[in-house]
Amino acid sequence: MIKRSLVSSLLAVFLLLVSCSSDNEELPADGNLASDLRDQEMVLGNVIACAASNEDPSVVSIFLYPREGASNINFYETEHLEVDENNFSHYTKGTAELIDVFNGYLLKYEIVPDQEKWVIVTFEEGGKVHLSNPIRLKQLAKPTEYLPQNVTVDNSGVMPIFSWEDGAFDDTIIYFQVVSDENNMLLSGTYTMDQMFQYYELDNVVLNITVTEPPSLVLGNNYNFSLLAVSEDNWVNLFAEVNFTLE
């Protein structure tokens, strides 16, 4: 009787432990995006962000646009690609320093991932946590192409026209253009579906992150044009940067 009672007790403890373990697996563990969002009001898909491999493809830059008033900026990453990218319990907080782009108008993280994965950028604004759409890193399968030769600038006048061609990848759905001055200050930041943009005409612009009316360009001054061709999963297929002078 004593032996049977002991076995029954041990079996009950074992079943209890298994049950607890199973229940815990169904709940988000601490230290991931799901747990960080508990009791938070969140806004999905409301952070503009994308990622590109550098010319050294082992390094990946995660770009974001920090709206005025954004704080507590972070990025979260999955361990690998073979997860549900919309399940926040798969994302753990990444560690990297924020780097200014265009003198802080944009920001970026630089990371050295050992494999492809998913990334989400977050920040706080207006008492809510805002999240980007999941960004799929493709530094191995589709390293970003650096092709300034694919951009053509018609610089005859103060409203130059920029046009471009895609590279090897044909899944780009939107193009981000930046016109900046010789001190790398962003003058305009726009998105088009077309492979053309004229400074500063907004007829074909589908998203504009230019905060104030940009200045008129000046004949004889030096400027820069930067282009990012972005796929549906927010990976930059092509990056190009060219300098130009108005004639």
# chains A, B, ... in the order shown; residues from 1 in each chain; ligands from 1
$ select_by_dssp --residues "segment 10-223 of chain A" --states "alpha helix (DSSP H)" --output "PyMOL selection string"
chain A and resi 10-26+33-36
$ closest_atom_pairs --of "segment 186-213 of chain A" --to "segment 82-106 of chain A" --cutoff "12 Å" --atoms "only C-alpha atoms" --output "tab-separated table"
residue	atom	partner	partner_atom	distance
A:Leu186	CA	A:Phe102	CA	5.7
A:Leu187	CA	A:Phe102	CA	9.5
A:Ser188	CA	A:Tyr105	CA	10.4
A:Gly189	CA	A:Tyr105	CA	9.6
A:Ile209	CA	A:Tyr105	CA	9.7
A:Thr210	CA	A:Tyr105	CA	9.7
A:Val211	CA	A:Tyr105	CA	9.9
$ write_last_selection --atoms "all heavy atoms" --output "mmCIF file, in the first residue's frame"
data_model
loop_
_atom_site.group_PDB
_atom_site.id
_atom_site.type_symbol
_atom_site.label_atom_id
_atom_site.label_comp_id
_atom_site.auth_asym_id
_atom_site.auth_seq_id
_atom_site.Cartn_x
_atom_site.Cartn_y
_atom_site.Cartn_z
ATOM 1 N N LEU A 186 18.464 66.460 -45.569
ATOM 2 C CA LEU A 186 17.355 66.027 -46.402
ATOM 3 C C LEU A 186 16.478 67.216 -46.776
ATOM 4 O O LEU A 186 16.050 67.986 -45.914
ATOM 5 C CB LEU A 186 16.530 64.969 -45.669
ATOM 6 C CG LEU A 186 15.379 64.318 -46.436
ATOM 7 C CD1 LEU A 186 15.228 62.852 -46.048
ATOM 8 C CD2 LEU A 186 14.056 65.048 -46.200
ATOM 9 N N LEU A 187 16.230 67.381 -48.065
ATOM 10 C CA LEU A 187 15.344 68.432 -48.556
ATOM 11 C C LEU A 187 13.954 67.892 -48.830
ATOM 12 O O LEU A 187 12.960 68.540 -48.519
ATOM 13 C CB LEU A 187 15.926 69.066 -49.822
ATOM 14 C CG LEU A 187 17.334 69.651 -49.696
ATOM 15 C CD1 LEU A 187 17.786 70.232 -51.030
ATOM 16 C CD2 LEU A 187 17.392 70.712 -48.600
ATOM 17 N N SER A 188 13.888 66.700 -49.430
ATOM 18 C CA SER A 188 12.588 66.062 -49.654
ATOM 19 C C SER A 188 12.740 64.557 -49.537
ATOM 20 O O SER A 188 13.774 63.990 -49.905
ATOM 21 C CB SER A 188 12.012 66.439 -51.029
ATOM 22 O OG SER A 188 12.673 65.744 -52.069
ATOM 23 N N GLY A 189 11.687 63.915 -49.015
ATOM 24 C CA GLY A 189 11.624 62.459 -48.919
ATOM 25 C C GLY A 189 10.267 62.002 -49.390
ATOM 26 O O GLY A 189 9.246 62.345 -48.789
ATOM 27 N N ILE A 209 7.195 62.142 -46.690
ATOM 28 C CA ILE A 209 7.673 62.343 -45.325
ATOM 29 C C ILE A 209 8.414 63.671 -45.184
ATOM 30 O O ILE A 209 9.089 63.900 -44.192
ATOM 31 C CB ILE A 209 8.564 61.177 -44.856
ATOM 32 C CG1 ILE A 209 9.861 61.105 -45.674
ATOM 33 C CG2 ILE A 209 7.817 59.858 -44.889
ATOM 34 C CD1 ILE A 209 10.907 60.186 -45.070
ATOM 35 N N THR A 210 8.272 64.553 -46.190
ATOM 36 C CA THR A 210 8.853 65.885 -46.107
ATOM 37 C C THR A 210 8.011 66.703 -45.141
ATOM 38 O O THR A 210 6.820 66.909 -45.378
ATOM 39 C CB THR A 210 8.866 66.555 -47.483
ATOM 40 O OG1 THR A 210 9.367 65.636 -48.457
ATOM 41 C CG2 THR A 210 9.719 67.810 -47.468
ATOM 42 N N VAL A 211 8.612 67.155 -44.050
ATOM 43 C CA VAL A 211 7.836 67.816 -42.990
ATOM 44 C C VAL A 211 7.433 69.224 -43.382
ATOM 45 O O VAL A 211 6.288 69.650 -43.179
ATOM 46 C CB VAL A 211 8.637 67.818 -41.672
ATOM 47 C CG1 VAL A 211 7.902 68.609 -40.602
ATOM 48 C CG2 VAL A 211 8.898 66.390 -41.201
#
$ atom_distance --atom1 "atom CA of Asp194 of chain A" --atom2 "atom CA of Phe239 of chain A"
15.8 Å
$ residues_around --residues "segment 63-74 of chain A" --least-positions-apart "5" --cutoff "6 Å" --atoms "only C-alpha atoms" --output "NGL selection string"
:A and (48-51 or 106-108 or 121-125)
$ residues_around --residues "Glu116 of chain A" --least-positions-apart "5" --cutoff "12 Å" --atoms "only C-alpha atoms" --output "NGL selection string"
:A and (51-53 or 57-60 or 77-83 or 111 or 135-143 or 235)
$ select_by_dssp --residues "segment 54-149 of chain A" --states "strand (DSSP E or B)" --output "MDAnalysis selection string"
chainID A and resid 60:64 71:77 92:93 99:101 106:111 118:125 128:131 135:136 145:146
$ residues_around --residues "Glu241 of chain A" --least-positions-apart "5" --cutoff "12 Å" --atoms "only C-alpha atoms" --output "ChimeraX atom specification"
/A:145-153,162,164,176-180,184,223-229
$ residues_around --residues "Val206 of chain A" --least-positions-apart "2" --cutoff "10 Å" --atoms "only C-alpha atoms" --output "ChimeraX atom specification"
/A:174-175,190-194,202-204,208
$ closest_residue --among "A:Ser61, A:Asn54, A:Asn221, A:Ser156" --to "Gln198 of chain A" --atoms "only C-alpha atoms"
A:Ser156
$ residues_around --residues "Asp170 of chain A" --least-positions-apart "2" --cutoff "12 Å" --atoms "only C-alpha atoms" --output "ChimeraX atom specification"
/A:142,165-168,172-174,229-232,236-238
$ write_last_selection --atoms "N, CA, C and O atoms" --output "PDB file, in the first residue's frame"
ATOM      1  N   LYS A 142      18.962  37.610 -51.525  1.00  0.00           N
ATOM      2  CA  LYS A 142      18.842  38.762 -52.408  1.00  0.00           C
ATOM      3  C   LYS A 142      19.603  39.948 -51.840  1.00  0.00           C
ATOM      4  O   LYS A 142      19.012  40.945 -51.425  1.00  0.00           O
ATOM      5  N   GLU A 165      15.972  52.567 -63.447  1.00  0.00           N
ATOM      6  CA  GLU A 165      15.599  51.213 -63.844  1.00  0.00           C
ATOM      7  C   GLU A 165      15.866  50.262 -62.684  1.00  0.00           C
ATOM      8  O   GLU A 165      16.760  50.504 -61.855  1.00  0.00           O
ATOM      9  N   ASP A 166      15.089  49.181 -62.629  1.00  0.00           N
ATOM     10  CA  ASP A 166      15.330  48.140 -61.639  1.00  0.00           C
ATOM     11  C   ASP A 166      16.601  47.387 -61.983  1.00  0.00           C
ATOM     12  O   ASP A 166      17.103  47.442 -63.117  1.00  0.00           O
ATOM     13  N   GLY A 167      17.104  46.653 -60.991  1.00  0.00           N
ATOM     14  CA  GLY A 167      18.242  45.776 -61.217  1.00  0.00           C
ATOM     15  C   GLY A 167      17.770  44.368 -61.531  1.00  0.00           C
ATOM     16  O   GLY A 167      16.814  44.158 -62.279  1.00  0.00           O
ATOM     17  N   ALA A 168      18.407  43.395 -60.918  1.00  0.00           N
ATOM     18  CA  ALA A 168      18.108  41.990 -61.215  1.00  0.00           C
ATOM     19  C   ALA A 168      16.792  41.520 -60.609  1.00  0.00           C
ATOM     20  O   ALA A 168      16.191  40.562 -61.093  1.00  0.00           O
ATOM     21  N   THR A 172      10.055  44.667 -56.728  1.00  0.00           N
ATOM     22  CA  THR A 172       9.920  45.977 -56.087  1.00  0.00           C
ATOM     23  C   THR A 172       8.490  46.476 -56.274  1.00  0.00           C
ATOM     24  O   THR A 172       7.928  46.376 -57.370  1.00  0.00           O
ATOM     25  N   ILE A 173       7.902  47.022 -55.191  1.00  0.00           N
ATOM     26  CA  ILE A 173       6.545  47.558 -55.298  1.00  0.00           C
ATOM     27  C   ILE A 173       6.487  49.063 -55.053  1.00  0.00           C
ATOM     28  O   ILE A 173       5.488  49.699 -55.387  1.00  0.00           O
ATOM     29  N   ILE A 174       7.542  49.650 -54.470  1.00  0.00           N
ATOM     30  CA  ILE A 174       7.520  51.076 -54.181  1.00  0.00           C
ATOM     31  C   ILE A 174       8.959  51.602 -54.152  1.00  0.00           C
ATOM     32  O   ILE A 174       9.894  50.849 -53.857  1.00  0.00           O
ATOM     33  N   ALA A 229      14.739  50.982 -53.696  1.00  0.00           N
ATOM     34  CA  ALA A 229      13.670  50.211 -54.325  1.00  0.00           C
ATOM     35  C   ALA A 229      13.271  49.097 -53.354  1.00  0.00           C
ATOM     36  O   ALA A 229      14.084  48.233 -53.031  1.00  0.00           O
ATOM     37  N   VAL A 230      12.021  49.123 -52.881  1.00  0.00           N
ATOM     38  CA  VAL A 230      11.607  48.312 -51.733  1.00  0.00           C
ATOM     39  C   VAL A 230      10.571  47.274 -52.149  1.00  0.00           C
ATOM     40  O   VAL A 230       9.609  47.582 -52.860  1.00  0.00           O
ATOM     41  N   SER A 231      10.755  46.045 -51.671  1.00  0.00           N
ATOM     42  CA  SER A 231       9.821  44.953 -51.960  1.00  0.00           C
ATOM     43  C   SER A 231       8.660  44.970 -50.970  1.00  0.00           C
ATOM     44  O   SER A 231       8.654  45.733 -49.997  1.00  0.00           O
ATOM     45  N   GLU A 232       7.685  44.103 -51.190  1.00  0.00           N
ATOM     46  CA  GLU A 232       6.486  44.071 -50.357  1.00  0.00           C
ATOM     47  C   GLU A 232       6.808  43.737 -48.909  1.00  0.00           C
ATOM     48  O   GLU A 232       6.137  44.203 -47.992  1.00  0.00           O
ATOM     49  N   VAL A 236      15.111  46.147 -49.215  1.00  0.00           N
ATOM     50  CA  VAL A 236      15.584  47.036 -50.265  1.00  0.00           C
ATOM     51  C   VAL A 236      16.315  46.208 -51.325  1.00  0.00           C
ATOM     52  O   VAL A 236      17.384  45.652 -51.068  1.00  0.00           O
ATOM     53  N   ASN A 237      15.711  46.137 -52.506  1.00  0.00           N
ATOM     54  CA  ASN A 237      16.331  45.394 -53.607  1.00  0.00           C
ATOM     55  C   ASN A 237      17.498  46.152 -54.218  1.00  0.00           C
ATOM     56  O   ASN A 237      18.499  45.556 -54.615  1.00  0.00           O
ATOM     57  N   LEU A 238      17.339  47.478 -54.321  1.00  0.00           N
ATOM     58  CA  LEU A 238      18.343  48.288 -55.015  1.00  0.00           C
ATOM     59  C   LEU A 238      18.541  49.596 -54.272  1.00  0.00           C
ATOM     60  O   LEU A 238      17.567  50.220 -53.828  1.00  0.00           O
TER      61      LEU A 238
END
